[in-house]
Amino acid sequence: MKKNNLIAALLLFFMAFGIEASAQQETQYSQYMFNQLAYNPAYAGSRDALSATMIVRRQWLGFAGGPATGAFNIHTPSGNERHGFGLDFAHDQLGVTSENQLSLDYAYRIPVKKGFLSLGIRGGFLHHKVNFSEINPNDVDPIKPGQDAAGILPRAGAGIYYYTKKFYVGASAPNFLAGRYFSTGNSVASQLASTQVMHGFGMIGATLPMGKNVMFRPSAVVKYVPNSPIQADGNITFFFKKVFGVGAGYRTGDALVFMLEYQSQRRFRAGYAYDMTLSQLSGTNSGSHELMIGLDLGWGKSNFMTPRYF
C-alpha cells in the first residue's frame, strides 16, 4: 500500500470512530508567543501598532500526507487605545483533508495599573473538505466514499488577556460552537463526518533582564480538549543585545522544540522552529519545521506598552 493511500485509510478510520486529529481542529504552532491572536481574540491590539504575522509550518517532514499549515493575522488598536481589531486566517492540509478558517476579532482594553486587561470576542467560519475521490478504493475497501464532501461551519469564541511590558497571562476558547463538519454527499460521507469540539487555552509568559545585554523569556501554553489528554508547551528563550534569540522547549507527549529568532529595531521579526518528534511517529519522519515573519507599523506613539518579545 502506498504511503499516501495509507494516510487516507488511517484518516477514514479516525473519522469513522470520531477521533479528532489535532490538525483538523485548532492549529498548532511552536512559535505560539508570536501568534497568540490565533488562540485568543483578546490579544488584538496588544502590540500598540498595526501588527502583521505570517507563519508557515510543515509537520512530520518525510511522512507522506503529513500536516501542513499556513497562517496570517493582522491586528491593531484604535486611536484611543481602548479597542483592538484583528483578522486571523489559517489553512490546514492533512492528507486528503483541508480546512480554511477566517475570523474577525474585537477586544476591549481596560488600563489596569502598569498594563491592560483585555476582553475579546471572535466571529468567523470554517470550511472543511475531504477529497474522497483522491483515495484509491482498492486500498480502503470496503469503504468506498466516492464523491468529495465539504461543509461550512460558523465559529465564535472569546478570551481574556492581561499584559504589561514584561508579562502576560490569558485564557480563551477560540471556538465554542459544536457541529458536524459536513452532512452532504453520499451516505458514507455523512457517516464519516467529524464533529467540531470546543478547545480551551491558557497562556503565560514574561521577559526578564539578566544583565545589560541578555533577556530571559519563559513562556507556556496549555491546551484542553474534552475527552483528550491535556497538552502543554513550555519553552525558554535567551535574547542577546535585544536582537538575537535562542530557545528550546518541550511539548508534552510530542516533541522537543528548538528556536532561533531575530528582531530589528524597526520592528521587523523573524523566527525558525524545529520540532524533534518524540512520539511513536519519530521513526517515520525527520521532524517539523516552522518559519515566522512579522512586522509592526507604529502610530507615532510611545512604545512603552509594546511587548516586543511576545
# chains A, B, ... in the order shown; residues from 1 in each chain; ligands from 1
>>> select_by_dssp(residues="range 41-168 of chain A", states="strand (DSSP E)", output="VMD selection string")
chain A and resid 50 to 58 68 to 77 83 to 94 97 to 112 115 to 130 149 to 163 167 to 168
>>> residues_around(residues="Phe216 in chain A", least_positions_apart="2", cutoff="10 Å", atoms="only C-alpha atoms", output="JSON, numbers by chain")
{"A": [206, 207, 208, 209, 210, 211, 214, 218, 236, 237, 238, 239, 240, 245, 247, 309]}
>>> residues_around(residues="Gly157 in chain A", least_positions_apart="4", cutoff="9 Å", atoms="only C-alpha atoms", output="JSON, numbers by chain")
{"A": [40, 41, 120, 121, 122, 123, 172, 173, 174, 175, 176, 177]}
>>> closest_residue(among="A:Asn213, A:Ser279, A:Ser288, A:Ser51", to="Lys242 in chain A", atoms="only C-alpha atoms")
A:Asn213
>>> select_by_dssp(residues="range 70-162 of chain A", states="alpha helix (DSSP H)", output="ChimeraX atom specification")
/A:137-140
>>> residues_around(residues="Glu81 in chain A", least_positions_apart="5", cutoff="8 Å", atoms="only C-alpha atoms", output="list in words")
Gly45, Asp48 and Arg109 of chain A
